Every structure is written in C-alpha cells, then in structure tokens.
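So this block is target24.csv, CSV, C-alpha atoms and all ligand atoms:
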```csv
chain,number,residue,atom,x,y,z
A,1,MET,CA,76.9,85.4,86.1
A,2,ILE,CA,80.5,85.2,87.3
A,3,PRO,CA,79.9,84.8,91.0
A,4,VAL,CA,81.8,86.6,93.8
A,5,ALA,CA,82.4,83.3,95.5
A,6,GLU,CA,81.9,79.6,94.7
A,7,PRO,CA,83.1,76.5,96.6
A,8,CYS,CA,85.6,74.2,95.1
A,9,ILE,CA,84.0,70.8,95.7
A,10,GLY,CA,85.7,67.7,94.2
A,11,LYS,CA,85.9,63.9,94.3
A,12,LYS,CA,87.3,63.6,97.8
A,13,GLU,CA,84.4,65.7,99.2
A,14,ARG,CA,81.9,63.3,97.5
A,15,GLU,CA,83.8,60.2,98.8
A,16,TYR,CA,84.0,61.3,102.4
A,17,VAL,CA,80.4,62.6,102.6
A,18,LEU,CA,79.1,59.4,100.9
A,19,ASP,CA,81.1,57.4,103.5
A,20,CYS,CA,79.1,59.2,106.3
A,21,ILE,CA,75.8,58.5,104.5
A,22,GLU,CA,76.6,54.9,103.8
A,23,SER,CA,77.9,54.3,107.4
A,24,GLY,CA,74.9,56.1,109.0
A,25,TRP,CA,77.2,58.5,110.9
A,26,VAL,CA,75.5,61.7,109.8
A,27,SER,CA,75.0,63.5,113.1
A,28,SER,CA,77.5,65.1,115.5
A,29,SER,CA,79.5,61.9,116.4
A,30,GLY,CA,81.8,60.2,114.0
A,31,LYS,CA,85.4,59.9,112.9
A,32,TYR,CA,85.4,62.9,110.6
A,33,ILE,CA,84.8,65.4,113.4
A,34,LEU,CA,87.9,64.4,115.3
A,35,LYS,CA,89.9,64.1,112.1
A,36,PHE,CA,88.8,67.6,110.9
A,37,GLU,CA,89.5,69.1,114.3
A,38,LYS,CA,92.9,67.6,114.5
A,39,GLY,CA,93.8,68.4,110.9
A,40,PHE,CA,92.6,72.0,111.1
A,41,SER,CA,94.3,72.8,114.5
A,42,GLU,CA,97.6,71.3,113.1
A,43,TYR,CA,97.2,73.4,110.0
A,44,CYS,CA,96.8,76.5,112.2
A,45,ASP,CA,99.7,75.5,114.5
A,46,THR,CA,97.5,75.3,117.6
A,47,LYS,CA,97.1,72.5,120.1
A,48,TYR,CA,93.3,72.4,120.0
A,49,GLY,CA,90.6,72.8,117.4
A,50,ILE,CA,87.0,72.6,118.5
A,51,SER,CA,84.4,72.5,115.7
A,52,CYS,CA,81.0,74.1,116.0
A,53,SER,CA,77.9,75.0,114.0
A,54,ASN,CA,79.2,78.3,112.4
A,55,GLY,CA,81.6,81.2,112.7
A,56,THR,CA,79.2,83.2,114.9
A,57,THR,CA,78.8,80.4,117.4
A,58,ALA,CA,82.6,80.0,117.4
A,59,LEU,CA,82.9,83.6,118.5
A,60,HIS,CA,80.1,83.2,121.0
A,61,LEU,CA,81.8,80.1,122.5
A,62,ALA,CA,85.2,81.8,122.7
A,63,LEU,CA,83.8,84.7,124.6
A,64,LEU,CA,81.8,82.5,127.0
A,65,ALA,CA,84.9,80.3,127.7
A,66,LEU,CA,86.8,83.5,128.7
A,67,GLY,CA,84.0,84.4,131.1
A,68,ILE,CA,82.9,87.5,129.2
A,69,GLY,CA,79.3,88.6,130.0
A,70,LYS,CA,77.0,91.3,131.3
A,71,GLY,CA,78.7,94.5,132.3
A,72,ASP,CA,81.9,93.8,130.2
A,73,GLU,CA,83.1,95.6,127.1
A,74,VAL,CA,84.8,94.1,124.1
A,75,ILE,CA,86.6,96.1,121.4
A,76,VAL,CA,85.8,95.3,117.8
A,77,PRO,CA,86.3,97.0,114.5
A,78,THR,CA,83.3,98.8,113.2
A,79,LEU,CA,84.1,97.6,109.6
A,80,THR,CA,83.4,93.9,109.8
A,81,PHE,CA,80.5,91.5,109.3
A,82,ILE,CA,77.8,92.1,112.0
A,83,ALA,CA,78.4,88.6,113.5
A,84,THR,CA,81.6,89.9,115.2
A,85,ALA,CA,79.5,92.4,117.3
A,86,ASN,CA,76.4,90.1,117.6
A,87,ALA,CA,78.4,87.4,119.3
A,88,VAL,CA,79.5,89.9,121.9
A,89,THR,CA,75.9,91.1,122.4
A,90,TYR,CA,74.7,87.4,122.9
A,91,THR,CA,76.9,87.2,126.0
A,92,GLY,CA,75.4,90.3,127.6
A,93,ALA,CA,78.6,92.3,127.0
A,94,ARG,CA,78.8,95.5,124.9
A,95,PRO,CA,80.8,95.8,121.7
A,96,VAL,CA,82.8,99.0,121.6
A,97,PHE,CA,83.7,100.0,118.1
A,98,VAL,CA,87.1,101.2,116.7
A,99,ASP,CA,87.8,102.9,113.4
A,100,SER,CA,89.8,101.2,110.6
A,101,ASP,CA,93.3,101.8,109.3
A,102,SER,CA,93.2,103.4,105.9
A,103,ILE,CA,96.0,101.2,104.5
A,104,THR,CA,95.2,97.7,105.9
A,105,TRP,CA,91.4,98.3,106.2
A,106,ASN,CA,91.6,96.4,109.5
A,107,ILE,CA,91.1,97.7,113.0
A,108,ASP,CA,93.4,100.7,113.6
A,109,PRO,CA,95.6,99.7,116.6
A,110,ARG,CA,96.4,103.4,117.2
A,111,LYS,CA,92.8,104.0,118.0
A,112,ILE,CA,92.3,101.1,120.4
A,113,GLU,CA,93.7,102.5,123.7
A,114,GLU,CA,91.4,105.5,123.8
A,115,LYS,CA,88.4,103.0,123.9
A,116,ILE,CA,89.7,101.0,126.8
A,117,THR,CA,87.8,101.4,130.1
A,118,THR,CA,87.8,99.5,133.4
A,119,LYS,CA,85.1,97.3,131.8
A,120,THR,CA,87.1,96.2,128.8
A,121,LYS,CA,87.8,92.5,128.8
A,122,ALA,CA,88.9,91.6,125.3
A,123,ILE,CA,89.8,92.8,121.8
A,124,ILE,CA,88.5,91.0,118.7
A,125,PRO,CA,90.7,91.9,115.7
A,126,VAL,CA,89.2,90.8,112.4
A,127,HIS,CA,91.5,89.8,109.5
A,128,LEU,CA,89.2,91.5,107.0
A,129,TYR,CA,88.9,89.9,103.5
A,130,GLY,CA,91.9,87.7,104.3
A,131,ASN,CA,94.5,90.3,105.2
A,132,PRO,CA,96.1,89.8,108.6
A,133,CYS,CA,95.9,92.5,111.3
A,134,ASN,CA,99.0,94.1,112.8
A,135,MET,CA,99.0,91.6,115.6
A,136,ASP,CA,102.1,92.8,117.4
A,137,GLU,CA,100.6,96.1,118.2
A,138,ILE,CA,97.3,94.5,119.2
A,139,MET,CA,99.0,91.9,121.5
A,140,ASP,CA,101.1,94.7,123.1
A,141,ILE,CA,98.0,96.7,124.0
A,142,ALA,CA,96.3,93.6,125.2
A,143,GLY,CA,99.3,92.7,127.4
A,144,LYS,CA,99.5,96.3,128.8
A,145,TYR,CA,95.9,96.3,129.9
A,146,GLY,CA,95.5,92.6,130.7
A,147,LEU,CA,92.9,91.9,127.9
A,148,TYR,CA,92.1,88.7,126.0
A,149,VAL,CA,92.5,88.6,122.3
A,150,ILE,CA,90.1,86.6,120.1
A,151,GLU,CA,91.1,86.6,116.5
A,152,ASP,CA,88.1,86.7,114.1
A,153,ALA,CA,89.7,84.7,111.3
A,154,ALA,CA,86.4,83.8,109.6
A,155,GLU,CA,87.7,85.2,106.3
A,156,ALA,CA,91.4,84.4,106.6
A,157,HIS,CA,92.1,80.7,106.8
A,158,GLY,CA,95.8,80.2,106.1
A,159,ALA,CA,96.8,83.9,106.3
A,160,LYS,CA,100.1,84.6,108.1
A,161,TYR,CA,101.3,87.5,110.2
A,162,LYS,CA,105.1,87.5,110.3
A,163,GLY,CA,105.2,83.8,109.5
A,164,ARG,CA,102.6,82.9,112.1
A,165,MET,CA,99.2,81.4,111.2
A,166,VAL,CA,96.2,83.6,112.0
A,167,GLY,CA,94.2,82.0,114.7
A,168,SER,CA,97.3,81.0,116.6
A,169,ILE,CA,98.4,84.4,117.9
A,170,GLY,CA,95.7,85.6,120.3
A,171,ASN,CA,94.1,83.5,123.1
A,172,MET,CA,91.8,82.0,120.5
A,173,GLY,CA,91.0,82.1,116.8
A,174,CYS,CA,87.5,81.8,115.3
A,175,PHE,CA,86.9,80.5,111.8
A,176,SER,CA,83.8,80.2,109.6
A,177,PHE,CA,83.2,77.5,107.0
A,178,TYR,CA,80.2,79.1,105.4
A,179,GLY,CA,79.8,78.2,101.6
A,180,ASN,CA,81.6,81.3,100.4
A,181,LYS,CA,84.6,80.9,102.7
A,182,ILE,CA,88.2,79.8,101.7
A,183,ILE,CA,87.2,76.2,102.7
A,184,THR,CA,83.6,75.2,103.5
A,185,THR,CA,81.5,72.7,105.4
A,186,GLY,CA,78.3,74.2,104.1
A,187,GLU,CA,77.8,75.9,107.5
A,188,GLY,CA,80.4,75.4,110.2
A,189,GLY,CA,82.9,76.9,112.5
A,190,MET,CA,86.1,76.2,114.5
A,191,ILE,CA,87.8,77.7,117.5
A,192,THR,CA,91.6,77.2,117.6
A,193,THR,CA,93.6,77.7,120.8
A,194,ASN,CA,96.7,76.5,122.7
A,195,GLU,CA,94.8,76.8,126.1
A,196,GLU,CA,93.6,73.5,127.4
A,197,GLU,CA,91.2,74.9,129.9
A,198,SER,CA,89.4,77.0,127.3
A,199,ALA,CA,89.3,74.2,124.8
A,200,ASP,CA,87.6,71.9,127.4
A,201,LYS,CA,85.2,74.6,128.3
A,202,ILE,CA,84.3,75.3,124.7
A,203,ALA,CA,83.8,71.5,124.0
A,204,MET,CA,81.5,71.3,127.0
A,205,LEU,CA,79.5,74.5,126.2
A,206,ARG,CA,78.8,73.5,122.6
A,207,ASP,CA,77.2,70.3,123.8
A,208,HIS,CA,74.6,71.6,126.3
A,209,ALA,CA,77.4,71.9,128.9
A,210,MET,CA,77.1,68.2,129.5
A,211,SER,CA,79.5,66.9,132.2
A,212,LYS,CA,82.5,65.0,130.9
A,213,ASP,CA,82.2,62.4,133.6
A,214,ARG,CA,78.5,62.1,134.1
A,215,LYS,CA,76.3,61.6,131.1
A,216,TYR,CA,73.2,63.9,131.1
A,217,TRP,CA,74.5,65.9,134.1
A,218,HIS,CA,74.6,69.7,133.4
A,219,ASP,CA,76.3,72.2,135.8
A,220,PHE,CA,75.6,75.1,133.5
A,221,ILE,CA,73.3,76.1,130.7
A,222,GLY,CA,75.1,75.3,127.5
A,223,TYR,CA,74.1,75.3,123.8
A,224,ASN,CA,73.7,72.9,120.9
A,225,TYR,CA,76.4,74.4,118.7
A,226,ARG,CA,77.8,71.1,117.4
A,227,MET,CA,79.1,70.4,113.9
A,228,THR,CA,77.9,67.2,112.2
A,229,ASN,CA,80.1,64.4,110.9
A,230,LEU,CA,78.7,65.1,107.4
A,231,GLN,CA,79.9,68.7,107.6
A,232,ALA,CA,83.3,67.6,109.0
A,233,ALA,CA,83.7,65.1,106.2
A,234,LEU,CA,83.2,67.9,103.7
A,235,GLY,CA,85.7,70.0,105.7
A,236,LEU,CA,88.4,67.3,105.9
A,237,ALA,CA,88.3,66.9,102.1
A,238,GLN,CA,88.5,70.7,101.7
A,239,LEU,CA,91.4,70.9,104.2
A,240,GLU,CA,93.3,68.4,102.0
A,241,ASN,CA,93.0,71.0,99.2
A,242,ILE,CA,93.5,74.2,101.1
A,243,ASP,CA,97.0,75.0,100.0
A,244,ASN,CA,96.0,74.7,96.4
A,245,ILE,CA,92.9,76.9,96.9
A,246,ILE,CA,95.0,79.6,98.6
A,247,GLU,CA,97.7,79.5,95.9
A,248,ILE,CA,95.1,80.0,93.2
A,249,LYS,CA,93.5,82.9,95.1
A,250,ARG,CA,96.9,84.6,95.5
A,251,LYS,CA,97.7,84.0,91.9
A,252,ASN,CA,94.4,85.5,90.8
A,253,ALA,CA,95.0,88.5,93.0
A,254,ARG,CA,98.3,89.1,91.3
A,255,ILE,CA,96.6,88.9,87.9
A,256,TYR,CA,93.9,91.4,88.9
A,257,SER,CA,96.5,93.8,90.3
A,258,PHE,CA,98.6,93.5,87.2
A,259,LEU,CA,95.8,94.0,84.7
A,260,LEU,CA,94.4,97.0,86.6
A,261,ARG,CA,97.8,98.6,87.3
A,262,ASP,CA,97.3,101.6,85.0
A,263,VAL,CA,93.7,102.3,85.9
A,264,LYS,CA,93.4,105.7,87.5
A,265,GLY,CA,91.3,106.0,90.6
A,266,ILE,CA,91.7,102.5,92.0
A,267,THR,CA,93.3,101.6,95.3
A,268,PHE,CA,94.6,98.1,95.6
A,269,PRO,CA,94.6,95.7,98.5
A,270,ARG,CA,97.7,95.6,100.6
A,271,GLU,CA,100.0,92.8,101.4
A,272,GLU,CA,102.9,93.7,103.8
A,273,SER,CA,106.1,91.9,102.9
A,274,ARG,CA,106.1,90.3,106.4
A,275,ASP,CA,102.6,88.8,105.9
A,276,LYS,CA,100.6,86.5,103.7
A,277,ASN,CA,97.2,87.8,102.5
A,278,VAL,CA,94.9,85.0,101.4
A,279,TYR,CA,92.6,87.4,99.4
A,280,TRP,CA,89.4,85.7,100.6
A,281,MET,CA,87.8,88.6,98.6
A,282,TYR,CA,90.0,90.4,96.1
A,283,SER,CA,88.8,94.0,96.9
A,284,VAL,CA,89.6,97.5,95.6
A,285,LEU,CA,88.6,101.0,96.5
A,286,ILE,CA,86.9,103.1,93.8
A,287,GLU,CA,88.3,106.6,94.3
A,288,ASP,CA,86.7,109.9,93.2
A,289,ASP,CA,88.9,110.3,90.2
A,290,TYR,CA,88.0,106.8,88.8
A,291,GLY,CA,85.2,108.3,86.6
A,292,ILE,CA,82.1,106.7,87.9
A,293,THR,CA,81.0,105.8,91.4
A,294,ARG,CA,81.5,102.4,93.1
A,295,ASP,CA,77.7,101.7,92.9
A,296,ALA,CA,77.6,102.7,89.2
A,297,LEU,CA,80.5,100.3,88.5
A,298,MET,CA,78.7,97.5,90.3
A,299,LYS,CA,75.7,98.0,88.1
A,300,LYS,CA,77.8,98.0,85.0
A,301,LEU,CA,79.5,94.8,86.1
A,302,SER,CA,76.2,93.2,86.7
A,303,THR,CA,74.9,94.1,83.2
A,304,GLU,CA,78.0,92.3,81.9
A,305,GLY,CA,77.2,89.2,83.9
A,306,ILE,CA,79.6,89.9,86.7
A,307,ASP,CA,78.6,89.7,90.3
A,308,SER,CA,80.3,92.0,92.9
A,309,ARG,CA,79.7,93.1,96.5
A,310,PRO,CA,80.0,96.4,98.3
A,311,PHE,CA,82.2,96.5,101.5
A,312,PHE,CA,80.3,95.9,104.7
A,313,TYR,CA,78.4,98.9,106.3
A,314,PRO,CA,80.3,100.0,109.4
A,315,ILE,CA,78.3,98.5,112.2
A,316,HIS,CA,78.0,101.7,114.2
A,317,ILE,CA,75.7,103.2,111.5
A,318,MET,CA,73.1,100.4,111.7
A,319,PRO,CA,70.0,100.5,114.0
A,320,PRO,CA,71.0,97.9,116.6
A,321,TYR,CA,74.4,99.5,117.3
A,322,ARG,CA,74.0,103.1,116.4
A,323,ASP,CA,77.0,105.0,117.8
A,324,VAL,CA,77.7,108.7,117.2
A,325,GLY,CA,81.5,108.3,117.7
A,326,ASP,CA,84.0,109.3,115.1
A,327,PHE,CA,84.8,106.6,112.5
A,328,PRO,CA,85.8,108.5,109.4
A,329,VAL,CA,88.1,105.9,107.8
A,330,ALA,CA,85.6,103.0,108.1
A,331,GLU,CA,82.8,105.2,106.6
A,332,VAL,CA,84.9,106.1,103.6
A,333,LEU,CA,86.2,102.5,103.0
A,334,SER,CA,82.6,101.3,103.2
A,335,LYS,CA,81.5,103.7,100.5
A,336,LYS,CA,84.4,103.1,98.2
A,337,GLY,CA,85.1,99.4,98.6
A,338,ILE,CA,84.1,96.6,96.2
A,339,ASN,CA,84.7,92.8,96.4
A,340,LEU,CA,85.3,91.4,93.0
A,341,PRO,CA,84.8,87.8,92.0
A,342,SER,CA,87.3,85.8,94.0
A,343,SER,CA,86.5,82.2,93.7
A,344,ALA,CA,89.4,79.8,93.2
A,345,LYS,CA,87.4,78.5,90.3
A,346,LEU,CA,87.8,81.8,88.5
A,347,ASN,CA,90.0,81.5,85.3
A,348,ARG,CA,92.3,84.0,83.6
A,349,THR,CA,89.8,84.7,80.8
A,350,GLU,CA,87.1,85.6,83.3
A,351,ILE,CA,89.5,87.9,85.2
A,352,GLU,CA,90.4,89.6,81.9
A,353,LYS,CA,86.7,90.1,81.1
A,354,ILE,CA,86.1,91.7,84.6
A,355,CYS,CA,89.2,93.9,84.2
A,356,LYS,CA,88.1,95.1,80.8
A,357,VAL,CA,84.8,96.3,82.2
A,358,ILE,CA,86.6,98.1,85.0
A,359,GLN,CA,89.1,99.7,82.5
A,360,LYS,CA,86.3,101.0,80.3
A,361,ASN,CA,84.9,103.3,83.0
A,362,GLU,CA,88.1,105.0,83.8
A,363,SER,CA,87.8,108.8,83.4
A,364,PHE,CA,89.9,110.3,80.7
A,365,THR,CA,90.0,113.8,82.0
A,366,GLY,CA,93.7,113.7,82.7
A,401,LIG,C1,84.4,88.6,109.9
A,401,LIG,C2,83.3,87.5,110.1
A,401,LIG,N1,83.1,87.1,111.3
A,401,LIG,C3,82.2,86.2,111.6
A,401,LIG,C4,81.4,85.6,110.6
A,401,LIG,C5,80.4,84.6,111.0
A,401,LIG,O1,80.5,83.4,110.4
A,401,LIG,P1,79.2,82.5,110.0
A,401,LIG,O2,78.5,83.1,108.9
A,401,LIG,O3,79.8,81.1,109.7
A,401,LIG,O4,78.4,82.5,111.2
A,401,LIG,C6,81.6,86.0,109.3
A,401,LIG,C7,80.9,85.3,108.2
A,401,LIG,O5,80.7,85.7,107.1
A,401,LIG,C8,82.6,87.0,109.0
A,401,LIG,O6,82.9,87.4,107.8
```

This structure in structure tokens:
Amino acid sequence: MIPVAEPCIGKKEREYVLDCIESGWVSSSGKYILKFEKGFSEYCDTKYGISCSNGTTALHLALLALGIGKGDEVIVPTLTFIATANAVTYTGARPVFVDSDSITWNIDPRKIEEKITTKTKAIIPVHLYGNPCNMDEIMDIAGKYGLYVIEDAAEAHGAKYKGRMVGSIGNMGCFSFYGNKIITTGEGGMITTNEEESADKIAMLRDHAMSKDRKYWHDFIGYNYRMTNLQAALGLAQLENIDNIIEIKRKNARIYSFLLRDVKGITFPREESRDKNVYWMYSVLIEDDYGITRDALMKKLSTEGIDSRPFFYPIHIMPPYRDVGDFPVAEVLSKKGINLPSSAKLNRTEIEKICKVIQKNESFTG
C-alpha cells in the first residue's frame, strides 16, 4: 500500500534517541527537551516554545493560560480535526463553529463577526492541511473585539503567511508532532508564543502547576502534559531535516498538480502568491463532473494499493457538537475532499501511478 503519510526517520534520529537510552535520560527531564524547544521556537520566529504531550494538550494549555473557561465562547472552524473543538470543551468553554472559505478551505473570516457575542474570548484559526489562513483579516477582527488568537498549526509546521511563520502571528501557536505530521516525535506537541507570562503559565500547568520556587508546592490544579526527552530527541533530529521534508512535499505537490492538470472535475489546493503552503496533505476536491464520486475513487485507489483519506467531517454534524446552523461550504468540502498520499518518502513513480488511476476515472462525456 502507498500510505497517505509516513515519517522520515533517519540516522540522526537513531543517534539522538540512542543517546537518551544509553544515558538513562528517558523521561521528561534532559538536554533534548530544552534543545528541541529552543530550536523549534527559533524556527517559528517566536521567543518561547513549550513542549507538551500532544497537539490537543498544546491547545488545552494555550486556552488555560489565557484564562478561558466556563461561560466563555471560542470561535473555531467546523471543518477541522475534532481536537480543536475538544480542547475548548475541556476548559468548560463552548466552541462556536464557523463555515469554511470555498477557496482556501480554511475558516471564512467574513463569517466570523456574526458569531461574536459578549461571551467570545478567542478565535482558533486552523491552517488546514498545511495552507495558512488569511491572518490579517482574522487579526483585524480579533483586534476590533479584543479577542485572543490561538493558531492551530498542528498541520502546518513551516507554512508562511505573507512571509511570517505560522504560529508566530496570533497570541500563541499550537503544533502536533503525531506520527503523520510534517515532523514527528511519535506523540508530542508545542506551544509557540512571544508572551513571557503565557509561556511561564503553560510551563507550570503542564507540570501539575508546580511552583517555580517551591518544589512540590501547588497553587492550582495542573496537568501532566509533559513531553519526554526521548520524544524531544526524535523531534530535534526531525527539526534538523524539516526544510528538506517541506521542500520535497512542495515539489511533490507541484508534480501532482502538473500530472492532473487536464483532468476534468478536479479542484486543486490553493497557494496564494503571498503565502507558503506546506501541503501536509496534498488534497483535491472531486467535483460532480469528474465521472465517479469521491468515495468510488477512494475504493478504486485502494484496490490499486493506494491509501487515501476523506476530508474531516464538519464538527457540527457529529453527536457531541450537533449544531443546526448554516455551514454549506464546509459540508460540500467534506463530501468532495480527498487527501492523497503525501509523505516526503513518496517518489515520482508512485505519484505517476496514483495520477494514472485518477486519470482513468475521468468522465468522457464532454
Ligand atoms: C488541526 C488539528 N488540531 C489538533 C490536532 C491534535 O493533535 P494531536 O493528535 O497531536 O493531539 C490535530 C491532529 O491531528 C489536528 O490535525
């Protein structure tokens, strides 16, 4: 099977992880944690990087550090992985869903203001599948209403909006290092920020809210959301290779778009000239005039030994969050969208094979 995602793990990863094992520093203290935090925050152009156990806990910690909780509302796109909304719910606040933009597939900034109430405290834009959100419009709305912005950059390490790294534009950025992400620590997460007070609060909350000055003294209830030195060792080695991984993913995206350019009924992912899309998942929309449905294409790909994924379900249609609001764009994108194999280990021959299967199903009615 050609997988949708696969980590690129090399010699450096082995060397650093082995160093942890041989030195005995396998838990949540050790040199790799600080090195990885420093390296990743520098990469994102932020002053602070605080590692944690996964991307969901990164979002949870960011929300907690901003004091978001019961009675508050947080604006999130409906078309995202459910973790974005769950993290809001963990704090006692309520996620308020916004429809997607049909071109970028990200939260539609034009539909945010109508969802703002006196309870709204923050907006979480998600850079879906590696494509940056229109951050100027989001930051303007946040400024106008005095809201925090937490960028969910779980899928977008290294992406740029107008030359600025995602995760450095809002109050905080939250990243995931799950095995299928652009770089991985197995499981892991990071919060990036330029705000010292928030960084300190996050570091405290992820470690049972232990006092900085008094060992085993706790003024609040915190969490064990720490990353291990073993995970950070893997992460540091991955970080040393991130530019290469992103370049390959961007090159593969160009190959896909070129080979599929004449196929009728396909809508391609967008990259604005001002931005850098990192194509975490190279994704297309299968339109009505393609010939067969998205689901039929996925079956066909599977029989040819090619894995693929449907887009996320919009969160508002699922039982925990059912919302009868109007989200027409997200609902259509969710039905038409497919993630094609996107690993940086993918080679040209494999992409050609995938594109041939996609080309064969094109309708010839025109
Ligand atoms: C948009 C988005 N947010 C948050 C997360 C949560 O990250 P993790 O799986 O590391 O908890 C993911 C992970 O897939 C994601 O895609």

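Considering all atoms listed in the file, every residue of the polymer chains approaching ligand LIG 401 (chain A) to 8 Å or closer is listed here: Ser53, Asn54, Gly55, Thr56, Thr57, Ala58, Leu59, Thr80, Phe81, Ile82, Ala83, Thr84, Val126, His127, Leu128, Tyr129, Asp152, Ala153, Ala154, Glu155, Cys174, Phe175, Ser176, Phe177, Tyr178, Lys181, Glu187, Gly188 and Gly189 of chain A.
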
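Ranking A:Lys162, A:Lys264, A:Arg270, A:Lys115 by their shortest atom-to-atom distance to Asp326 in chain A, with all atoms listed in the file included, puts A:Lys115 first.
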
* Return the single residue from A:Cys52, A:Ile354, A:Val329, A:Leu205 that is closest to Leu34 in chain A, with distances computed using all atoms listed in the file. =>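 Residue with the minimum atom-to-atom distance to Leu34 in chain A: A:Cys52.
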
* To do: Record the distance separating CA of Val96 in chain A and CA of Gly71 in chain A, expressed in Å with one decimal.
  =>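 Rounded to one decimal, the two atoms are 12.3 Å apart.
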
* To do: Kindly indicate which residue among A:Ile182, A:Ile306, A:Ile107, A:Ala203 lies nearest to Cys355 in chain A, using only C-alpha atoms for the distances.
  =>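 Selected residue with least distance to Cys355 in chain A: A:Ile306.
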
* Distance of CA of Pro269 in chain A from CA of Asp289 in chain A, expressed in Å to one decimal place -> 17.7 Å

Filtering to N, CA and C atoms, could range 270-297 of chain A of the supplied structure be written out as an mmCIF file, in the first residue's frame?
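See selection22.cif below for the written result:
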```cif
data_model
loop_
_atom_site.group_PDB
_atom_site.id
_atom_site.type_symbol
_atom_site.label_atom_id
_atom_site.label_comp_id
_atom_site.auth_asym_id
_atom_site.auth_seq_id
_atom_site.Cartn_x
_atom_site.Cartn_y
_atom_site.Cartn_z
ATOM 1 N N ARG A 270 -4.994 25.403 -3.032
ATOM 2 C CA ARG A 270 -4.627 26.768 -3.387
ATOM 3 C C ARG A 270 -3.356 27.185 -2.653
ATOM 4 N N GLU A 271 -2.519 27.937 -3.336
ATOM 5 C CA GLU A 271 -1.415 28.609 -2.645
ATOM 6 C C GLU A 271 -1.401 30.049 -3.137
ATOM 7 N N GLU A 272 -1.739 30.982 -2.239
ATOM 8 C CA GLU A 272 -1.707 32.396 -2.620
ATOM 9 C C GLU A 272 -0.255 32.796 -2.850
ATOM 10 N N SER A 273 -0.009 33.748 -3.760
ATOM 11 C CA SER A 273 1.378 34.122 -4.056
ATOM 12 C C SER A 273 2.081 34.697 -2.826
ATOM 13 N N ARG A 274 1.306 35.255 -1.884
ATOM 14 C CA ARG A 274 1.900 35.855 -0.683
ATOM 15 C C ARG A 274 2.310 34.795 0.335
ATOM 16 N N ASP A 275 1.836 33.544 0.166
ATOM 17 C CA ASP A 275 1.948 32.525 1.223
ATOM 18 C C ASP A 275 2.871 31.373 0.853
ATOM 19 N N LYS A 276 3.131 30.515 1.845
ATOM 20 C CA LYS A 276 3.821 29.249 1.596
ATOM 21 C C LYS A 276 2.953 28.136 2.177
ATOM 22 N N ASN A 277 2.395 27.330 1.277
ATOM 23 C CA ASN A 277 1.598 26.168 1.689
ATOM 24 C C ASN A 277 2.577 25.005 1.836
ATOM 25 N N VAL A 278 2.525 24.279 2.941
ATOM 26 C CA VAL A 278 3.493 23.175 3.115
ATOM 27 C C VAL A 278 2.883 21.822 2.734
ATOM 28 N N TYR A 279 1.634 21.848 2.269
ATOM 29 C CA TYR A 279 0.980 20.630 1.761
ATOM 30 C C TYR A 279 1.176 19.441 2.699
ATOM 31 N N TRP A 280 0.822 19.638 3.973
ATOM 32 C CA TRP A 280 0.891 18.476 4.891
ATOM 33 C C TRP A 280 0.182 17.291 4.228
ATOM 34 N N MET A 281 -1.004 17.583 3.680
ATOM 35 C CA MET A 281 -1.727 16.591 2.888
ATOM 36 C C MET A 281 -2.015 17.231 1.539
ATOM 37 N N TYR A 282 -1.533 16.614 0.473
ATOM 38 C CA TYR A 282 -1.911 17.093 -0.854
ATOM 39 C C TYR A 282 -3.367 16.656 -1.069
ATOM 40 N N SER A 283 -4.243 17.620 -1.234
ATOM 41 C CA SER A 283 -5.680 17.332 -1.235
ATOM 42 C C SER A 283 -6.347 17.944 -2.450
ATOM 43 N N VAL A 284 -7.340 17.252 -2.975
ATOM 44 C CA VAL A 284 -8.118 17.809 -4.091
ATOM 45 C C VAL A 284 -9.606 17.608 -3.811
ATOM 46 N N LEU A 285 -10.434 18.331 -4.566
ATOM 47 C CA LEU A 285 -11.882 18.124 -4.490
ATOM 48 C C LEU A 285 -12.311 17.352 -5.734
ATOM 49 N N ILE A 286 -13.125 16.337 -5.532
ATOM 50 C CA ILE A 286 -13.667 15.567 -6.655
ATOM 51 C C ILE A 286 -15.060 16.125 -6.947
ATOM 52 N N GLU A 287 -15.145 16.850 -8.066
ATOM 53 C CA GLU A 287 -16.386 17.551 -8.399
ATOM 54 C C GLU A 287 -17.369 16.616 -9.112
ATOM 55 N N ASP A 288 -18.610 17.085 -9.263
ATOM 56 C CA ASP A 288 -19.667 16.245 -9.858
ATOM 57 C C ASP A 288 -19.315 15.790 -11.276
ATOM 58 N N ASP A 289 -18.614 16.641 -12.037
ATOM 59 C CA ASP A 289 -18.338 16.270 -13.434
ATOM 60 C C ASP A 289 -17.061 15.438 -13.587
ATOM 61 N N TYR A 290 -16.523 14.923 -12.485
ATOM 62 C CA TYR A 290 -15.314 14.091 -12.590
ATOM 63 C C TYR A 290 -15.625 12.735 -13.238
ATOM 64 N N GLY A 291 -16.815 12.198 -12.960
ATOM 65 C CA GLY A 291 -17.148 10.902 -13.558
ATOM 66 C C GLY A 291 -17.603 9.911 -12.512
ATOM 67 N N ILE A 292 -16.851 9.758 -11.445
ATOM 68 C CA ILE A 292 -17.285 8.910 -10.328
ATOM 69 C C ILE A 292 -17.190 9.743 -9.047
ATOM 70 N N THR A 293 -17.783 9.219 -7.989
ATOM 71 C CA THR A 293 -17.790 10.002 -6.741
ATOM 72 C C THR A 293 -16.436 9.915 -6.032
ATOM 73 N N ARG A 294 -16.255 10.795 -5.063
ATOM 74 C CA ARG A 294 -15.035 10.774 -4.238
ATOM 75 C C ARG A 294 -14.869 9.395 -3.588
ATOM 76 N N ASP A 295 -15.968 8.865 -3.027
ATOM 77 C CA ASP A 295 -15.856 7.583 -2.325
ATOM 78 C C ASP A 295 -15.524 6.441 -3.290
ATOM 79 N N ALA A 296 -16.093 6.501 -4.500
ATOM 80 C CA ALA A 296 -15.792 5.467 -5.501
ATOM 81 C C ALA A 296 -14.317 5.553 -5.908
ATOM 82 N N LEU A 297 -13.815 6.768 -6.017
ATOM 83 C CA LEU A 297 -12.390 6.937 -6.360
ATOM 84 C C LEU A 297 -11.504 6.369 -5.245
#
```
